[in-house]
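Undergrad: Below is entry.cif; it holds mmCIF, C-alpha atoms and all ligand atoms.
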```cif
data_work
loop_
_atom_site.group_PDB
_atom_site.id
_atom_site.type_symbol
_atom_site.label_atom_id
_atom_site.label_comp_id
_atom_site.auth_asym_id
_atom_site.auth_seq_id
_atom_site.Cartn_x
_atom_site.Cartn_y
_atom_site.Cartn_z
ATOM 1 C CA MET A 265 -5.781 -21.898 -11.688
ATOM 2 C CA LEU A 266 -5.487 -24.193 -8.715
ATOM 3 C CA PRO A 267 -3.596 -22.924 -5.663
ATOM 4 C CA GLU A 268 -0.165 -24.222 -4.643
ATOM 5 C CA ASP A 269 -1.643 -26.423 -1.882
ATOM 6 C CA LEU A 270 -3.988 -27.954 -4.371
ATOM 7 C CA VAL A 271 -6.440 -30.685 -3.509
ATOM 8 C CA LEU A 272 -7.717 -32.884 -6.313
ATOM 9 C CA PRO A 273 -11.466 -33.441 -6.641
ATOM 10 C CA ASP A 274 -12.618 -36.203 -4.279
ATOM 11 C CA ASP A 275 -14.059 -38.393 -7.041
ATOM 12 C CA LEU A 276 -10.751 -38.218 -8.947
ATOM 13 C CA ARG A 277 -8.706 -39.142 -5.869
ATOM 14 C CA GLU A 278 -10.998 -42.067 -5.259
ATOM 15 C CA ALA A 279 -10.776 -43.219 -8.892
ATOM 16 C CA LEU A 280 -6.963 -43.027 -8.845
ATOM 17 C CA ARG A 281 -6.676 -45.411 -5.924
ATOM 18 C CA GLY A 282 -6.148 -48.920 -7.224
ATOM 19 C CA VAL A 283 -5.065 -47.885 -10.745
ATOM 20 C CA ARG A 284 -2.402 -50.369 -11.942
ATOM 21 C CA SER A 285 -1.727 -49.196 -15.508
ATOM 22 C CA MET A 286 -1.270 -45.755 -16.955
ATOM 23 C CA GLY A 287 -0.504 -44.087 -20.251
ATOM 24 C CA ALA A 288 0.769 -40.511 -19.989
ATOM 25 C CA ILE A 289 0.880 -38.084 -22.909
ATOM 26 C CA THR A 290 2.909 -34.882 -22.614
ATOM 27 C CA GLY A 291 3.725 -31.742 -24.585
ATOM 28 C CA ALA A 292 5.820 -28.615 -24.323
ATOM 29 C CA GLY A 293 3.864 -27.316 -21.299
ATOM 30 C CA VAL A 294 5.389 -30.004 -19.059
ATOM 31 C CA SER A 295 8.841 -28.487 -19.698
ATOM 32 C CA ALA A 296 7.684 -24.864 -19.299
ATOM 33 C CA GLU A 297 8.535 -24.908 -15.577
ATOM 34 C CA SER A 298 12.048 -26.098 -16.490
ATOM 35 C CA GLY A 299 12.487 -22.834 -18.378
ATOM 36 C CA ILE A 300 11.888 -24.178 -21.891
ATOM 37 C CA PRO A 301 9.221 -21.980 -23.413
ATOM 38 C CA THR A 302 6.317 -23.455 -25.369
ATOM 39 C CA TYR A 303 5.791 -21.894 -28.766
ATOM 40 C CA ARG A 304 2.243 -20.878 -28.061
ATOM 41 C CA GLY A 305 -0.383 -21.151 -25.358
ATOM 42 C CA SER A 306 0.066 -20.129 -21.723
ATOM 43 C CA GLY A 307 3.649 -18.985 -21.083
ATOM 44 C CA GLY A 308 4.477 -19.225 -24.785
ATOM 45 C CA LEU A 309 7.745 -17.954 -26.227
ATOM 46 C CA TYR A 310 5.997 -15.229 -28.169
ATOM 47 C CA ASP A 311 3.293 -12.786 -27.154
ATOM 48 C CA ASP A 312 2.855 -12.198 -30.847
ATOM 49 C CA PRO A 313 1.137 -15.255 -32.369
ATOM 50 C CA GLU A 314 2.598 -14.365 -35.780
ATOM 51 C CA GLU A 315 6.105 -14.774 -34.348
ATOM 52 C CA GLY A 316 5.022 -18.199 -33.054
ATOM 53 C CA ASP A 317 3.853 -19.041 -36.575
ATOM 54 C CA ARG A 318 7.228 -17.984 -37.991
ATOM 55 C CA THR A 319 8.958 -20.358 -35.559
ATOM 56 C CA VAL A 320 6.704 -23.207 -36.614
ATOM 57 C CA GLU A 321 7.454 -22.370 -40.253
ATOM 58 C CA ALA A 322 11.213 -22.396 -39.568
ATOM 59 C CA LEU A 323 10.802 -25.830 -37.958
ATOM 60 C CA SER A 324 9.094 -27.339 -40.995
ATOM 61 C CA GLY A 325 10.228 -29.899 -43.559
ATOM 62 C CA PRO A 326 9.843 -27.504 -46.542
ATOM 63 C CA THR A 327 11.925 -24.777 -44.815
ATOM 64 C CA LEU A 328 14.629 -27.323 -43.958
ATOM 65 C CA ARG A 329 14.968 -28.287 -47.635
ATOM 66 C CA ARG A 330 14.904 -24.671 -48.865
ATOM 67 C CA ASP A 331 16.929 -22.971 -46.130
ATOM 68 C CA PRO A 332 18.498 -25.390 -43.610
ATOM 69 C CA ASP A 333 20.336 -22.538 -41.854
ATOM 70 C CA ARG A 334 16.996 -20.969 -40.908
ATOM 71 C CA THR A 335 15.767 -24.239 -39.391
ATOM 72 C CA TRP A 336 19.054 -24.774 -37.531
ATOM 73 C CA HIS A 337 19.014 -21.238 -36.119
ATOM 74 C CA VAL A 338 15.813 -22.172 -34.212
ATOM 75 C CA VAL A 339 16.826 -25.798 -33.480
ATOM 76 C CA ALA A 340 20.175 -24.693 -31.997
ATOM 77 C CA GLU A 341 18.415 -22.351 -29.582
ATOM 78 C CA LEU A 342 15.967 -25.064 -28.447
ATOM 79 C CA ALA A 343 18.867 -27.525 -28.087
ATOM 80 C CA ARG A 344 20.881 -25.064 -25.968
ATOM 81 C CA ARG A 345 17.889 -24.475 -23.710
ATOM 82 C CA SER A 346 17.327 -28.246 -23.453
ATOM 83 C CA VAL A 347 20.849 -29.080 -22.289
ATOM 84 C CA ALA A 348 20.802 -26.203 -19.800
ATOM 85 C CA ALA A 349 17.416 -27.252 -18.341
ATOM 86 C CA ARG A 350 16.760 -29.614 -15.435
ATOM 87 C CA PRO A 351 13.679 -31.807 -14.927
ATOM 88 C CA ASN A 352 10.965 -30.175 -12.793
ATOM 89 C CA PRO A 353 8.526 -31.708 -10.262
ATOM 90 C CA GLY A 354 6.151 -32.632 -13.123
ATOM 91 C CA HIS A 355 8.781 -34.792 -14.887
ATOM 92 C CA GLU A 356 9.826 -36.270 -11.556
ATOM 93 C CA ALA A 357 6.243 -37.159 -10.616
ATOM 94 C CA LEU A 358 5.805 -39.139 -13.856
ATOM 95 C CA ALA A 359 9.037 -41.058 -13.190
ATOM 96 C CA ARG A 360 7.812 -41.921 -9.665
ATOM 97 C CA ILE A 361 4.483 -43.149 -11.051
ATOM 98 C CA GLU A 362 6.305 -45.382 -13.561
ATOM 99 C CA ALA A 363 8.389 -46.917 -10.767
ATOM 100 C CA ALA A 364 5.253 -47.640 -8.723
ATOM 101 C CA LEU A 365 2.940 -49.150 -11.361
ATOM 102 C CA PRO A 366 3.175 -52.575 -13.031
ATOM 103 C CA ARG A 367 2.431 -51.018 -16.436
ATOM 104 C CA PHE A 368 3.320 -47.511 -17.593
ATOM 105 C CA VAL A 369 4.034 -45.830 -20.906
ATOM 106 C CA LEU A 370 4.872 -42.218 -21.676
ATOM 107 C CA LEU A 371 4.172 -40.708 -25.083
ATOM 108 C CA THR A 372 5.868 -37.328 -25.386
ATOM 109 C CA GLN A 373 6.006 -34.691 -28.099
ATOM 110 C CA ASN A 374 8.928 -33.065 -26.320
ATOM 111 C CA VAL A 375 12.370 -33.220 -27.884
ATOM 112 C CA ASP A 376 14.296 -31.967 -24.847
ATOM 113 C CA GLY A 377 15.183 -35.323 -23.229
ATOM 114 C CA LEU A 378 13.983 -34.175 -19.776
ATOM 115 C CA HIS A 379 11.645 -37.131 -19.155
ATOM 116 C CA ARG A 380 14.522 -39.607 -19.482
ATOM 117 C CA GLU A 381 16.753 -37.378 -17.388
ATOM 118 C CA ALA A 382 14.085 -37.459 -14.657
ATOM 119 C CA GLY A 383 14.134 -41.266 -14.716
ATOM 120 C CA SER A 384 11.287 -42.185 -17.088
ATOM 121 C CA ARG A 385 12.179 -45.382 -18.967
ATOM 122 C CA ASN A 386 9.314 -46.550 -21.163
ATOM 123 C CA VAL A 387 9.230 -43.402 -23.299
ATOM 124 C CA ILE A 388 7.932 -43.039 -26.849
ATOM 125 C CA ASP A 389 9.477 -39.722 -27.936
ATOM 126 C CA ILE A 390 7.344 -39.497 -31.021
ATOM 127 C CA HIS A 391 9.082 -36.337 -32.322
ATOM 128 C CA GLY A 392 12.622 -37.510 -31.537
ATOM 129 C CA ASP A 393 15.390 -35.669 -29.697
ATOM 130 C CA VAL A 394 16.717 -32.233 -30.585
ATOM 131 C CA LEU A 395 20.380 -33.257 -30.098
ATOM 132 C CA ASP A 396 20.250 -36.122 -32.609
ATOM 133 C CA THR A 397 21.376 -35.491 -36.182
ATOM 134 C CA ARG A 398 21.159 -37.275 -39.535
ATOM 135 C CA CYS A 399 23.068 -36.505 -42.754
ATOM 136 C CA MET A 400 20.733 -35.564 -45.609
ATOM 137 C CA ALA A 401 23.275 -36.953 -48.137
ATOM 138 C CA CYS A 402 24.636 -40.209 -46.670
ATOM 139 C CA GLY A 403 22.235 -40.921 -43.774
ATOM 140 C CA LEU A 404 24.920 -41.031 -41.057
ATOM 141 C CA THR A 405 23.359 -40.462 -37.630
ATOM 142 C CA GLY A 406 25.020 -38.709 -34.721
ATOM 143 C CA ARG A 407 24.517 -36.524 -31.694
ATOM 144 C CA LEU A 408 25.578 -32.922 -31.112
ATOM 145 C CA THR A 409 28.076 -32.370 -28.341
ATOM 146 C CA ARG A 410 27.818 -29.485 -25.883
ATOM 147 C CA GLU A 411 30.892 -27.916 -27.516
ATOM 148 C CA GLU A 412 29.386 -28.063 -31.016
ATOM 149 C CA LEU A 413 26.159 -26.667 -29.664
ATOM 150 C CA ARG A 414 27.744 -23.624 -28.034
ATOM 151 C CA GLU A 415 28.679 -21.967 -31.354
ATOM 152 C CA LEU A 416 26.013 -23.530 -33.548
ATOM 153 C CA ASP A 417 23.852 -21.124 -35.530
ATOM 154 C CA ALA A 418 23.703 -22.570 -39.067
ATOM 155 C CA ALA A 419 23.404 -26.059 -40.564
ATOM 156 C CA PRO A 420 26.352 -28.270 -39.494
ATOM 157 C CA SER A 421 28.208 -30.517 -41.976
ATOM 158 C CA CYS A 422 28.508 -34.296 -41.971
ATOM 159 C CA PRO A 423 31.886 -35.537 -40.639
ATOM 160 C CA ALA A 424 31.834 -38.392 -43.204
ATOM 161 C CA CYS A 425 30.748 -36.803 -46.503
ATOM 162 C CA ASP A 426 30.511 -33.054 -45.829
ATOM 163 C CA GLY A 427 26.796 -33.159 -46.686
ATOM 164 C CA THR A 428 24.307 -31.093 -44.685
ATOM 165 C CA LEU A 429 23.110 -32.508 -41.372
ATOM 166 C CA ARG A 430 19.475 -32.255 -40.332
ATOM 167 C CA PRO A 431 17.967 -32.627 -36.860
ATOM 168 C CA ASP A 432 16.973 -36.295 -36.475
ATOM 169 C CA ALA A 433 13.608 -35.151 -35.190
ATOM 170 C CA VAL A 434 10.177 -34.826 -36.766
ATOM 171 C CA LEU A 435 9.660 -31.336 -38.168
ATOM 172 C CA PHE A 436 6.270 -29.811 -38.831
ATOM 173 C CA GLY A 437 4.698 -31.349 -41.938
ATOM 174 C CA GLU A 438 6.863 -34.496 -41.790
ATOM 175 C CA MET A 439 5.853 -38.128 -41.329
ATOM 176 C CA LEU A 440 6.113 -39.797 -37.935
ATOM 177 C CA PRO A 441 8.609 -42.692 -37.658
ATOM 178 C CA ALA A 442 6.721 -45.944 -38.367
ATOM 179 C CA ALA A 443 8.289 -47.929 -35.500
ATOM 180 C CA LYS A 444 7.217 -45.325 -32.935
ATOM 181 C CA VAL A 445 3.707 -45.182 -34.393
ATOM 182 C CA ALA A 446 3.512 -48.962 -33.958
ATOM 183 C CA SER A 447 4.645 -48.671 -30.316
ATOM 184 C CA MET A 448 2.005 -45.996 -29.746
ATOM 185 C CA GLN A 449 -0.691 -48.212 -31.269
ATOM 186 C CA ALA A 450 0.264 -51.143 -29.075
ATOM 187 C CA ALA A 451 0.408 -49.017 -25.936
ATOM 188 C CA PHE A 452 -2.817 -47.041 -26.314
ATOM 189 C CA TYR A 453 -5.174 -48.916 -28.630
ATOM 190 C CA ASP A 454 -4.950 -52.700 -28.379
ATOM 191 C CA ASP A 455 -5.629 -52.742 -24.635
ATOM 192 C CA PRO A 456 -5.794 -49.163 -23.352
ATOM 193 C CA PRO A 457 -4.309 -48.458 -19.894
ATOM 194 C CA GLU A 458 -6.774 -48.025 -17.015
ATOM 195 C CA LEU A 459 -5.799 -44.354 -16.819
ATOM 196 C CA VAL A 460 -4.809 -42.049 -19.668
ATOM 197 C CA LEU A 461 -3.423 -38.716 -18.493
ATOM 198 C CA ILE A 462 -2.581 -35.872 -20.871
ATOM 199 C CA ALA A 463 -0.563 -32.862 -19.677
ATOM 200 C CA GLY A 464 0.914 -29.683 -21.104
ATOM 201 C CA THR A 465 -0.254 -29.982 -24.668
ATOM 202 C CA THR A 466 -2.895 -28.226 -26.736
ATOM 203 C CA ALA A 467 -3.418 -31.610 -28.458
ATOM 204 C CA VAL A 468 -3.700 -30.080 -31.926
ATOM 205 C CA PHE A 469 -2.282 -33.209 -33.549
ATOM 206 C CA PRO A 470 -4.837 -36.019 -34.070
ATOM 207 C CA TYR A 471 -2.313 -38.688 -33.037
ATOM 208 C CA ILE A 472 -2.129 -36.972 -29.629
ATOM 209 C CA ALA A 473 -5.857 -36.346 -29.124
ATOM 210 C CA ASP A 474 -7.097 -39.695 -30.519
ATOM 211 C CA PRO A 475 -5.620 -42.012 -27.842
ATOM 212 C CA VAL A 476 -7.410 -39.882 -25.228
ATOM 213 C CA ALA A 477 -10.734 -40.101 -27.071
ATOM 214 C CA HIS A 478 -10.214 -43.846 -27.573
ATOM 215 C CA ALA A 479 -9.541 -44.352 -23.852
ATOM 216 C CA ALA A 480 -12.679 -42.391 -22.943
ATOM 217 C CA ARG A 481 -14.774 -44.470 -25.384
ATOM 218 C CA SER A 482 -13.284 -47.656 -23.931
ATOM 219 C CA GLY A 483 -14.429 -46.696 -20.441
ATOM 220 C CA ARG A 484 -10.958 -45.853 -19.115
ATOM 221 C CA LEU A 485 -10.223 -42.991 -16.722
ATOM 222 C CA THR A 486 -9.118 -39.833 -18.533
ATOM 223 C CA VAL A 487 -7.488 -36.787 -16.927
ATOM 224 C CA GLU A 488 -6.095 -33.602 -18.421
ATOM 225 C CA VAL A 489 -3.655 -31.189 -16.752
ATOM 226 C CA ASN A 490 -3.313 -27.771 -18.373
ATOM 227 C CA PRO A 491 -3.727 -24.154 -17.226
ATOM 228 C CA GLU A 492 -5.875 -23.528 -20.322
ATOM 229 C CA PRO A 493 -8.639 -25.387 -22.149
ATOM 230 C CA THR A 494 -7.464 -27.550 -25.064
ATOM 231 C CA PHE A 495 -8.825 -29.710 -27.882
ATOM 232 C CA VAL A 496 -9.316 -32.656 -25.496
ATOM 233 C CA SER A 497 -10.815 -30.764 -22.532
ATOM 234 C CA ASP A 498 -14.350 -31.830 -23.463
ATOM 235 C CA ALA A 499 -13.356 -35.446 -24.126
ATOM 236 C CA VAL A 500 -11.763 -36.142 -20.726
ATOM 237 C CA ARG A 501 -13.596 -37.001 -17.508
ATOM 238 C CA TRP A 502 -11.467 -34.608 -15.409
ATOM 239 C CA SER A 503 -9.884 -31.458 -16.819
ATOM 240 C CA ILE A 504 -7.657 -30.027 -14.098
ATOM 241 C CA ARG A 505 -6.680 -26.380 -14.616
ATOM 242 C CA GLY A 506 -3.203 -26.040 -13.192
ATOM 243 C CA THR A 507 0.461 -26.405 -14.037
ATOM 244 C CA ALA A 508 2.196 -29.749 -14.516
ATOM 245 C CA GLY A 509 4.666 -28.929 -11.725
ATOM 246 C CA THR A 510 1.902 -28.651 -9.131
ATOM 247 C CA VAL A 511 -0.806 -31.058 -10.338
ATOM 248 C CA LEU A 512 1.317 -34.068 -11.419
ATOM 249 C CA PRO A 513 2.941 -34.444 -7.967
ATOM 250 C CA ALA A 514 -0.562 -34.406 -6.433
ATOM 251 C CA ILE A 515 -1.652 -37.173 -8.828
ATOM 252 C CA ALA A 516 1.538 -39.151 -8.123
ATOM 253 C CA ALA A 517 0.807 -38.939 -4.405
ATOM 254 C CA GLU A 518 -2.467 -40.831 -4.995
ATOM 255 C CA LEU A 519 -0.874 -43.469 -7.243
ATOM 256 C CA THR A 520 2.328 -44.268 -5.375
HETATM 257 P P1 LIG B 1 1.767 -27.424 -27.301
HETATM 258 O O1 LIG B 1 0.801 -27.484 -28.395
HETATM 259 O O2 LIG B 1 2.028 -28.658 -26.582
HETATM 260 O O3 LIG B 1 1.297 -26.164 -26.328
HETATM 261 C C1 LIG B 1 1.775 -25.924 -25.044
HETATM 262 C C2 LIG B 1 0.662 -26.230 -24.026
HETATM 263 O O4 LIG B 1 1.209 -26.230 -22.710
HETATM 264 C C3 LIG B 1 -0.485 -25.206 -24.001
HETATM 265 O O5 LIG B 1 -1.714 -25.901 -24.022
HETATM 266 C C4 LIG B 1 -0.301 -24.478 -22.660
HETATM 267 O O6 LIG B 1 -1.530 -24.046 -22.103
HETATM 268 C C5 LIG B 1 0.327 -25.559 -21.831
HETATM 269 N N1 LIG B 1 1.121 -25.111 -20.683
HETATM 270 C C6 LIG B 1 1.872 -23.994 -20.548
HETATM 271 N N2 LIG B 1 2.486 -23.968 -19.363
HETATM 272 C C7 LIG B 1 2.148 -25.110 -18.722
HETATM 273 C C8 LIG B 1 2.479 -25.684 -17.460
HETATM 274 N N3 LIG B 1 3.314 -25.060 -16.615
HETATM 275 N N4 LIG B 1 1.932 -26.875 -17.131
HETATM 276 C C9 LIG B 1 1.093 -27.518 -17.972
HETATM 277 N N5 LIG B 1 0.736 -27.026 -19.171
HETATM 278 C C10 LIG B 1 1.265 -25.835 -19.552
HETATM 279 O O7 LIG B 1 3.174 -27.076 -27.705
HETATM 280 P P2 LIG B 1 3.735 -25.878 -28.594
HETATM 281 O O8 LIG B 1 4.497 -25.086 -27.646
HETATM 282 O O9 LIG B 1 2.657 -25.230 -29.408
HETATM 283 O O10 LIG B 1 4.697 -26.669 -29.549
HETATM 284 C C11 LIG B 1 4.296 -27.434 -30.661
HETATM 285 C C12 LIG B 1 5.270 -28.592 -30.901
HETATM 286 O O11 LIG B 1 6.646 -28.275 -30.641
HETATM 287 C C13 LIG B 1 4.990 -29.781 -30.019
HETATM 288 O O12 LIG B 1 5.360 -30.936 -30.680
HETATM 289 C C14 LIG B 1 5.930 -29.537 -28.865
HETATM 290 O O13 LIG B 1 6.150 -30.662 -28.084
HETATM 291 C C15 LIG B 1 7.174 -29.056 -29.585
HETATM 292 N N6 LIG B 1 7.971 -28.263 -28.619
HETATM 293 C C16 LIG B 1 8.757 -28.974 -27.761
HETATM 294 C C17 LIG B 1 9.426 -28.325 -26.745
HETATM 295 C C18 LIG B 1 10.222 -29.173 -25.801
HETATM 296 O O14 LIG B 1 10.738 -30.223 -26.173
HETATM 297 N N7 LIG B 1 10.321 -28.776 -24.541
HETATM 298 C C19 LIG B 1 9.319 -26.930 -26.591
HETATM 299 C C20 LIG B 1 8.535 -26.221 -27.512
HETATM 300 C C21 LIG B 1 7.849 -26.921 -28.501
HETATM 301 ZN ZN ZN B 2 27.072 -37.632 -44.760
#
```
As structure tokens, please, write out the structure in this file.

TA:
Amino acid sequence: MLPEDLVLPDDLREALRGVRSMGAITGAGVSAESGIPTYRGSGGLYDDPEEGDRTVEALSGPTLRRDPDRTWHVVAELARRSVAARPNPGHEALARIEAALPRFVLLTQNVDGLHREAGSRNVIDIHGDVLDTRCMACGLTGRLTREELRELDAAPSCPACDGTLRPDAVLFGEMLPAAKVASMQAAFYDDPPELVLIAGTTAVFPYIADPVAHAARSGRLTVEVNPEPTFVSDAVRWSIRGTAGTVLPAIAAELT
């Protein structure tokens, strides 16, 4: 792990100077320092990996259809943590970078809304937002209020038809929304940004790892920020071992 007063490698600092376009990709690790645990990996919610697996199972499409209360029990907890959390220096650094560069896009797997709260604007939240809801019977969409959230432990009912609401987010084993996939394609494939930075994700999903590999193949700069090695560590030019809250501000300082 890098120390608090971290200094980036000289060749990285030099490469960052003059970068005008950036694509950032983030996962649960970027919100860890805001007090929202990841499911697995460094600082994960569960020491016991089997418990982590049970959480993933609860947050899956098949479980939602079979036992929506079980899914909502876990979603409600994540939603409560999300509304209580505040953006950390990692989120804030990405918002500063966006304000400073002519072209910036942020692809996040996080459903906690903290990037937008920190000021990020061009965000593709590929997995949606944990507060958004959709009726499984009539399709009505909505958003949970803080009051509803406080007591929530089982599947809520639709105000229009009394059907069962689902989280309007992508659960494990479900398809990604086509419009967001198209945005992701346009942002990372047609003309990849000069710099692709990936932070706080194990990058298990191919749609998260592939844009990084594509950028590397296309001769773009690639940087990873994570306390632990991940599926993209070998594909990137620089793999920085440290937390998002310390390393992203250091990167922002070079870009802004
Ligand atoms: P993940 O696969 O993204 O794993 C978390 C990663 O973060 C690990 O690689 C870990 O080493 C790294 N990490 C831990 N602390 C960090 C820090 N301070 N700085 C930088 N990196 C750090 O995510 P997961 O937890 O296995 O969850 C799987 C799915 O569920 C993903 O889609 C994820 O986004 C979602 N999820 C979202 C939230 C959220 O919205 N905050 C929280 C939990 C899970
Ligand atoms: Zn309904």

Undergrad: Name the residues, using the chain letters and numbers of the file, that sit within 8 Å of (7.0, -43.4, -20.0) when counting all atoms listed in the file, and give them as a PDB file with C-alpha atoms, in the frame of the given file.

TA:
```pdb
ATOM      1  CA  GLY A 287      -0.504 -44.087 -20.251  1.00  0.00           C
ATOM      2  CA  ALA A 288       0.769 -40.511 -19.989  1.00  0.00           C
ATOM      3  CA  LEU A 358       5.805 -39.139 -13.856  1.00  0.00           C
ATOM      4  CA  ALA A 359       9.037 -41.058 -13.190  1.00  0.00           C
ATOM      5  CA  GLU A 362       6.305 -45.382 -13.561  1.00  0.00           C
ATOM      6  CA  PHE A 368       3.320 -47.511 -17.593  1.00  0.00           C
ATOM      7  CA  VAL A 369       4.034 -45.830 -20.906  1.00  0.00           C
ATOM      8  CA  LEU A 370       4.872 -42.218 -21.676  1.00  0.00           C
ATOM      9  CA  LEU A 371       4.172 -40.708 -25.083  1.00  0.00           C
ATOM     10  CA  HIS A 379      11.645 -37.131 -19.155  1.00  0.00           C
ATOM     11  CA  SER A 384      11.287 -42.185 -17.088  1.00  0.00           C
ATOM     12  CA  ARG A 385      12.179 -45.382 -18.967  1.00  0.00           C
ATOM     13  CA  ASN A 386       9.314 -46.550 -21.163  1.00  0.00           C
ATOM     14  CA  VAL A 387       9.230 -43.402 -23.299  1.00  0.00           C
ATOM     15  CA  ILE A 388       7.932 -43.039 -26.849  1.00  0.00           C
TER      16      ILE A 388
END
```

Undergrad: Could the residues that lie within 6 Å of ligand LIG 1 (chain B), counting only C-alpha atoms and all ligand atoms, be listed as a short mmCIF file (atom, residue, chain, number, x, y, z; two decimals) with C-alpha atoms, keeping the file's coordinate frame?

TA:
```cif
data_model
loop_
_atom_site.label_atom_id
_atom_site.label_comp_id
_atom_site.auth_asym_id
_atom_site.auth_seq_id
_atom_site.Cartn_x
_atom_site.Cartn_y
_atom_site.Cartn_z
CA GLY A 291 3.72 -31.74 -24.58
CA ALA A 292 5.82 -28.62 -24.32
CA GLY A 293 3.86 -27.32 -21.30
CA VAL A 294 5.39 -30.00 -19.06
CA SER A 295 8.84 -28.49 -19.70
CA ALA A 296 7.68 -24.86 -19.30
CA GLU A 297 8.54 -24.91 -15.58
CA ILE A 300 11.89 -24.18 -21.89
CA PRO A 301 9.22 -21.98 -23.41
CA THR A 302 6.32 -23.46 -25.37
CA TYR A 303 5.79 -21.89 -28.77
CA ARG A 304 2.24 -20.88 -28.06
CA GLY A 305 -0.38 -21.15 -25.36
CA SER A 306 0.07 -20.13 -21.72
CA GLY A 307 3.65 -18.98 -21.08
CA GLN A 373 6.01 -34.69 -28.10
CA ASN A 374 8.93 -33.06 -26.32
CA VAL A 375 12.37 -33.22 -27.88
CA ASP A 376 14.30 -31.97 -24.85
CA ALA A 463 -0.56 -32.86 -19.68
CA GLY A 464 0.91 -29.68 -21.10
CA THR A 465 -0.25 -29.98 -24.67
CA THR A 466 -2.90 -28.23 -26.74
CA ALA A 467 -3.42 -31.61 -28.46
CA ASN A 490 -3.31 -27.77 -18.37
CA PRO A 491 -3.73 -24.15 -17.23
CA GLU A 492 -5.88 -23.53 -20.32
CA THR A 507 0.46 -26.40 -14.04
CA ALA A 508 2.20 -29.75 -14.52
#
```

Undergrad: Any chance you could work out the residue set of the PyMOL selection byres (((chain A and resi 399-416) around 6) and not hetatm) here, as a ChimeraX atom specification?

TA: /A:395-398,417,422,427-429

Undergrad: What would the file look like if the residues just selected were written as a PDB file, in the frame of the given file with C-alpha atoms?

TA:
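After the write, again_3.pdb holds the following:
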```pdb
ATOM      1  CA  LEU A 395      20.380 -33.257 -30.098  1.00  0.00           C
ATOM      2  CA  ASP A 396      20.250 -36.122 -32.609  1.00  0.00           C
ATOM      3  CA  THR A 397      21.376 -35.491 -36.182  1.00  0.00           C
ATOM      4  CA  ARG A 398      21.159 -37.275 -39.535  1.00  0.00           C
ATOM      5  CA  ASP A 417      23.852 -21.124 -35.530  1.00  0.00           C
ATOM      6  CA  CYS A 422      28.508 -34.296 -41.971  1.00  0.00           C
ATOM      7  CA  GLY A 427      26.796 -33.159 -46.686  1.00  0.00           C
ATOM      8  CA  THR A 428      24.307 -31.093 -44.685  1.00  0.00           C
ATOM      9  CA  LEU A 429      23.110 -32.508 -41.372  1.00  0.00           C
TER      10      LEU A 429
END
```

Undergrad: Measure the distance from CA of Val468 (chain A) to CA of Ser497 (chain A) in Å and round it to one decimal.

TA: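 Distance reported for this atom pair: 11.8 Å.
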
Undergrad: In Å, rounded to a single decimal, give me how far CA of Arg484 (chain A) is from CA of Ala514 (chain A).

TA: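 Calculated distance between CA of Ala514 (chain A) and CA of Arg484 (chain A) is 20.0 Å.
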
Undergrad: Expand the PyMOL selection byres (((chain A and resi 455) around 12) and not hetatm) into the individual residues it matches in the shown file, reporting them as a tab-separated table (two decimals) with C-alpha atoms, in the frame of the given file.

TA:
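The resulting file, result-v4.tsv, is reproduced below:
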```tsv
chain	number	residue	atom	x	y	z
A	285	SER	CA	-1.73	-49.20	-15.51
A	286	MET	CA	-1.27	-45.76	-16.95
A	287	GLY	CA	-0.50	-44.09	-20.25
A	367	ARG	CA	2.43	-51.02	-16.44
A	448	MET	CA	2.00	-46.00	-29.75
A	449	GLN	CA	-0.69	-48.21	-31.27
A	450	ALA	CA	0.26	-51.14	-29.08
A	451	ALA	CA	0.41	-49.02	-25.94
A	452	PHE	CA	-2.82	-47.04	-26.31
A	453	TYR	CA	-5.17	-48.92	-28.63
A	454	ASP	CA	-4.95	-52.70	-28.38
A	456	PRO	CA	-5.79	-49.16	-23.35
A	457	PRO	CA	-4.31	-48.46	-19.89
A	458	GLU	CA	-6.77	-48.02	-17.02
A	459	LEU	CA	-5.80	-44.35	-16.82
A	460	VAL	CA	-4.81	-42.05	-19.67
A	475	PRO	CA	-5.62	-42.01	-27.84
A	478	HIS	CA	-10.21	-43.85	-27.57
A	479	ALA	CA	-9.54	-44.35	-23.85
A	482	SER	CA	-13.28	-47.66	-23.93
A	483	GLY	CA	-14.43	-46.70	-20.44
A	484	ARG	CA	-10.96	-45.85	-19.11
```

Undergrad: Would you compute the distance between CA of Ala382 (chain A) and CA of Ser298 (chain A)? Give it in Å to one decimal.

TA: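 Pair CA of Ala382 (chain A) / CA of Ser298 (chain A) returns 11.7 Å.
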
Undergrad: For the file shown, report as a PyMOL selection string the outcome of the PyMOL selection byres (((chain A and resi 350) around 9) and not hetatm) at residue level.

TA: chain A and resi 298-299+346-349+351-352+378+381-382

Undergrad: Leaving out Leu270 (chain A) and any residue of its chain fewer than 6 positions from it, which residues lie within 10 Å of it when counting all atoms listed in the file, given as a list in words?

TA: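 Returned residues: Gly506, Thr510, Val511 and Ala514 of chain A.
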
Undergrad: Nearest residue to Val434 (chain A) out of A:Leu276, A:Val394, A:Val271, A:Leu461, using all atoms listed in the file?

TA: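 Checking each candidate against Val434 (chain A), we get A:Val394 as the closest.
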
Undergrad: Rank nothing, just name the residue among A:Cys425, A:Ala364, A:Ala419, A:Ile515 nearest to ligand ZN 2 (chain B), using all atoms listed in the file.

TA: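 Checking each candidate against ligand ZN 2 (chain B), we get A:Cys425 as the closest.
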
Undergrad: With distances taken over only C-alpha atoms and all ligand atoms, which residue among A:Pro423, A:Gly383, A:Gly316, A:Pro332 lies nearest ligand ZN 2 (chain B)?

TA: A:Pro423

Undergrad: What's the 10 Å shell around Glu518 (chain A), counting all atoms listed in the file, without same-chain residues fewer than 6 positions away, as JSON, numbers by chain?

TA: {"A": [272, 276, 277, 278, 279, 280, 281, 282, 283, 361]}
